[in-house]
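Right, one structure below, let's go through it.
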Amino acid sequence: MNIKILTRLALLSAFGLILQMFDFPLPFFPEYLKYDAAELPALIAAFAISPWAGVLVDFGKNLLSLLIGNAPSGLIGLTANFIAGATFSLVEGFIYASNKTKLRAIVAIAAGVISTTITMALCNYFFLLPLWGIPKNSILPLMTAAIIPFNLFKGSVTGIITFVLYKKVKFFFEPLSRSKEVYAEK
């Protein structure tokens, strides 16, 4: 990985951190489930550079959040945020990388939303919600009423924003694509 790519990943991580600070509760979900568009830079990195670049941006955003004390939900919340973001970036990035078309981007985003929702349902059921001290008999009703719909909603909104915004910021990453091709030829 060259310095240009690392620099852009760092900038995207910082931008993700900034977006994470502007979270807000949604009126139809419990107040602790807040929407933020912090996955947007990771999804753009997954589209533009690689799926693993998206994971690195998501990791960087969460690490920065921990280091500056911007983690009101602590390590459990950051872990959940990273699992969700990494899942979305990996699935979206791998599907889009094989055929970079608008239709493929839509399929990649939809698959990312579904896989993230399933992954978070399993993680919340088996270890995240129990770590919060939620009684076992309350987990399934909470998941069906709030967690699963929230992940579907958040992923869909962030995916739509990514789809619309990516074409407008793609130029920022085009020199990287060419430099990766030149680097691969050497």
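By convention in this document, the chains of the structure tokens carry letters A, B, ... by their order, each chain's residues are numbered from 1, and ligands are numbered from 1 in the order they are shown.
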Find the nearest atom pair between each residue of stretch 86-160 of chain A and stretch 54-73 of chain A for residues within 7 Å, count only C-alpha atoms, give distances in Å to one decimal, sort rows by chain and ascending number, and present the table as JSON lines.
{"residue": "A:Ala86", "atom": "CA", "partner": "A:Val55", "partner_atom": "CA", "distance": 4.9}
{"residue": "A:Ser89", "atom": "CA", "partner": "A:Gly54", "partner_atom": "CA", "distance": 5.3}
{"residue": "A:Leu90", "atom": "CA", "partner": "A:Val55", "partner_atom": "CA", "distance": 6.9}
What are the closest atom pairs, with distances in Å to one decimal, for each residue of stretch 1-120 of chain A lying within 8 Å of stretch 136-151 of chain A, using only C-alpha atoms, rows by chain and rising residue number, as a Markdown table?
| residue | atom | partner | partner_atom | distance |
| --- | --- | --- | --- | --- |
| A:Phe29 | CA | A:Ala146 | CA | 6.1 |
| A:Pro30 | CA | A:Ala146 | CA | 7.1 |
| A:Leu33 | CA | A:Phe150 | CA | 7.4 |
| A:Val113 | CA | A:Asn151 | CA | 7.6 |
| A:Thr116 | CA | A:Asn151 | CA | 7.4 |
| A:Thr117 | CA | A:Asn151 | CA | 5.4 |
| A:Met120 | CA | A:Asn151 | CA | 7.8 |
Exercise. Mind checking DSSP for stretch 14-159 of chain A and telling me the alpha helix (DSSP H) residues as a VMD selection string?
Worked result: chain A and resid 14 to 21 40 to 48 51 to 67 74 to 97 102 to 123 129 to 131 136 to 142 148 to 159
For this session: Can you pull out every residue within 7 Å of stretch 162-171 of chain A, counting only C-alpha atoms, but drop anything in the same chain fewer than 2 positions away, and send it as a PyMOL selection string?
Result: chain A and resi 40+43-44+48+158-160+173-174
Problem set entry | A:Ile114 environment, 12 Å, only C-alpha atoms, sequence neighbours closer than 3 positions dropped, as JSON, numbers by chain | {"A": [84, 87, 88, 91, 92, 107, 108, 109, 110, 111, 117, 118, 119, 120, 121, 148, 149, 150, 151, 152, 153, 154, 155, 156, 159]}
Take the residues from that selection and write them out as a compact mmCIF listing (two decimals), in the first residue's frame, keeping N, CA and C atoms.
# COMPACT_ATOMS: atom_id res chain seq x y z
N ALA A 84 -20.41 -4.15 12.46
CA ALA A 84 -21.40 -3.74 11.46
C ALA A 84 -20.71 -3.09 10.25
N THR A 87 -18.49 -5.60 8.21
CA THR A 87 -19.33 -6.52 7.43
C THR A 87 -19.86 -5.83 6.19
N PHE A 88 -20.41 -4.63 6.38
CA PHE A 88 -20.96 -3.87 5.26
C PHE A 88 -19.88 -3.60 4.22
N VAL A 91 -18.64 -6.99 2.32
CA VAL A 91 -19.62 -7.54 1.38
C VAL A 91 -19.82 -6.60 0.19
N GLU A 92 -20.05 -5.33 0.49
CA GLU A 92 -20.26 -4.35 -0.57
C GLU A 92 -19.04 -4.27 -1.49
N VAL A 107 -26.76 -3.80 -6.17
CA VAL A 107 -26.75 -5.17 -5.64
C VAL A 107 -25.78 -5.27 -4.46
N ALA A 108 -24.61 -4.66 -4.58
CA ALA A 108 -23.60 -4.69 -3.51
C ALA A 108 -24.12 -4.03 -2.24
N ILE A 109 -24.77 -2.90 -2.39
CA ILE A 109 -25.31 -2.18 -1.22
C ILE A 109 -26.43 -3.01 -0.58
N ALA A 110 -27.32 -3.56 -1.39
CA ALA A 110 -28.42 -4.37 -0.85
C ALA A 110 -27.87 -5.59 -0.11
N ALA A 111 -26.89 -6.25 -0.70
CA ALA A 111 -26.28 -7.42 -0.05
C ALA A 111 -25.56 -7.01 1.23
N THR A 117 -27.25 -6.75 8.65
CA THR A 117 -28.40 -6.98 9.53
C THR A 117 -28.36 -8.38 10.13
N ILE A 118 -28.06 -9.38 9.32
CA ILE A 118 -27.98 -10.76 9.82
C ILE A 118 -26.82 -10.90 10.81
N THR A 119 -25.66 -10.37 10.45
CA THR A 119 -24.50 -10.45 11.33
C THR A 119 -24.77 -9.78 12.68
N MET A 120 -25.35 -8.59 12.63
CA MET A 120 -25.63 -7.88 13.88
C MET A 120 -26.72 -8.55 14.70
N ALA A 121 -27.67 -9.18 14.03
CA ALA A 121 -28.70 -9.93 14.77
C ALA A 121 -28.04 -11.07 15.54
N ILE A 148 -33.19 -5.28 14.57
CA ILE A 148 -33.22 -5.67 13.15
C ILE A 148 -33.78 -4.55 12.28
N PRO A 149 -34.93 -3.96 12.64
CA PRO A 149 -35.42 -2.84 11.80
C PRO A 149 -34.45 -1.65 11.75
N PHE A 150 -33.79 -1.37 12.88
CA PHE A 150 -32.83 -0.26 12.90
C PHE A 150 -31.67 -0.53 11.95
N ASN A 151 -31.10 -1.73 11.98
CA ASN A 151 -29.99 -2.05 11.09
C ASN A 151 -30.40 -2.01 9.63
N LEU A 152 -31.61 -2.48 9.32
CA LEU A 152 -32.10 -2.39 7.95
C LEU A 152 -32.26 -0.92 7.52
N PHE A 153 -32.81 -0.10 8.41
CA PHE A 153 -33.02 1.31 8.09
C PHE A 153 -31.68 2.05 7.94
N LYS A 154 -30.81 1.90 8.94
CA LYS A 154 -29.53 2.61 8.92
C LYS A 154 -28.69 2.20 7.71
N GLY A 155 -28.62 0.91 7.46
CA GLY A 155 -27.85 0.43 6.31
C GLY A 155 -28.41 0.93 4.99
N SER A 156 -29.72 0.94 4.87
CA SER A 156 -30.35 1.40 3.63
C SER A 156 -30.11 2.89 3.40
N GLY A 159 -26.45 3.38 2.64
CA GLY A 159 -26.18 2.83 1.31
C GLY A 159 -26.66 3.75 0.20
For this session: Write out as a list in words all residues of chain A that backbone DSSP assigns to strand (DSSP E or B).
Result: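 Strand (DSSP E or B) assignments inside chain A correspond to Phe24, Pro25, Lys34 and Tyr35 of chain A.
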For this session: Return the single residue from A:Glu31, A:Gly77, A:Gly93, A:Leu26 that is closest to A:Ala45, with distances computed using only C-alpha atoms.
Result: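 Result for the nearest residue to A:Ala45: A:Gly93.
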For this session: Kindly indicate which residue among A:Ile18, A:Ile3, A:Gly74, A:Gly85 lies nearest to A:Ala42, using only C-alpha atoms for the distances.
Result: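 For A:Ala42, the nearest of the given residues is A:Gly85.
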For this session: For A:Ile76, list every protein, DNA or RNA residue within 8 Å, evaluated using only C-alpha atoms, and leave out those in the same chain fewer than 5 positions away; present the list as JSON, numbers by chain.
Result: {"A": [128, 131, 132]}
Exercise. Residues at most 10 Å from A:Arg8, counting only C-alpha atoms, excluding those fewer than 2 positions away in the same chain, as a list in words?
Worked result: Ile3, Lys4, Ile5, Leu6, Ala10, Leu11, Leu12, Ser13, Ala14, Ala45, Ile49, Ala53, Val57, Phe172, Phe173 and Leu176 of chain A
May I have the residues from that selection written out with N, CA and C atoms, as a compact mmCIF listing (two decimals), in the first residue's frame?
# COMPACT_ATOMS: atom_id res chain seq x y z
N ILE A 3 1.79 5.50 -0.02
CA ILE A 3 1.51 6.61 0.89
C ILE A 3 0.24 7.37 0.50
N LYS A 4 -0.06 7.44 -0.81
CA LYS A 4 -1.27 8.13 -1.25
C LYS A 4 -2.52 7.41 -0.73
N ILE A 5 -2.50 6.10 -0.81
CA ILE A 5 -3.65 5.33 -0.33
C ILE A 5 -3.77 5.46 1.18
N LEU A 6 -2.66 5.34 1.89
CA LEU A 6 -2.69 5.46 3.36
C LEU A 6 -3.19 6.84 3.80
N ALA A 10 -6.54 7.54 5.98
CA ALA A 10 -6.51 8.31 7.23
C ALA A 10 -7.51 9.46 7.18
N LEU A 11 -7.59 10.14 6.05
CA LEU A 11 -8.56 11.23 5.91
C LEU A 11 -9.99 10.71 5.99
N LEU A 12 -10.25 9.58 5.36
CA LEU A 12 -11.59 9.00 5.43
C LEU A 12 -11.93 8.55 6.85
N SER A 13 -10.95 8.02 7.57
CA SER A 13 -11.18 7.63 8.96
C SER A 13 -11.53 8.85 9.81
N ALA A 14 -10.80 9.93 9.61
CA ALA A 14 -11.08 11.17 10.36
C ALA A 14 -12.45 11.71 10.00
N ALA A 45 -14.52 4.00 0.55
CA ALA A 45 -13.20 3.38 0.43
C ALA A 45 -13.32 1.96 -0.13
N ILE A 49 -11.30 1.77 -3.45
CA ILE A 49 -9.96 1.18 -3.29
C ILE A 49 -10.05 -0.33 -3.20
N ALA A 53 -9.80 -1.88 2.40
CA ALA A 53 -9.61 -0.45 2.68
C ALA A 53 -10.81 0.08 3.48
N VAL A 57 -10.66 1.79 7.19
CA VAL A 57 -11.27 3.09 7.50
C VAL A 57 -12.20 2.94 8.70
N PHE A 172 -11.60 11.77 -6.77
CA PHE A 172 -10.59 11.88 -5.73
C PHE A 172 -9.74 10.60 -5.65
N PHE A 173 -10.32 9.48 -6.06
CA PHE A 173 -9.64 8.19 -5.96
C PHE A 173 -9.10 7.67 -7.29
N LEU A 176 -5.46 6.98 -7.70
CA LEU A 176 -5.04 5.81 -6.95
C LEU A 176 -5.25 4.55 -7.75
For this session: Could you tell me how far atom CA of A:Leu78 lies from atom CA of A:Ile95, in Å and to one decimal?
Result: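 It comes out at 25.6 Å.
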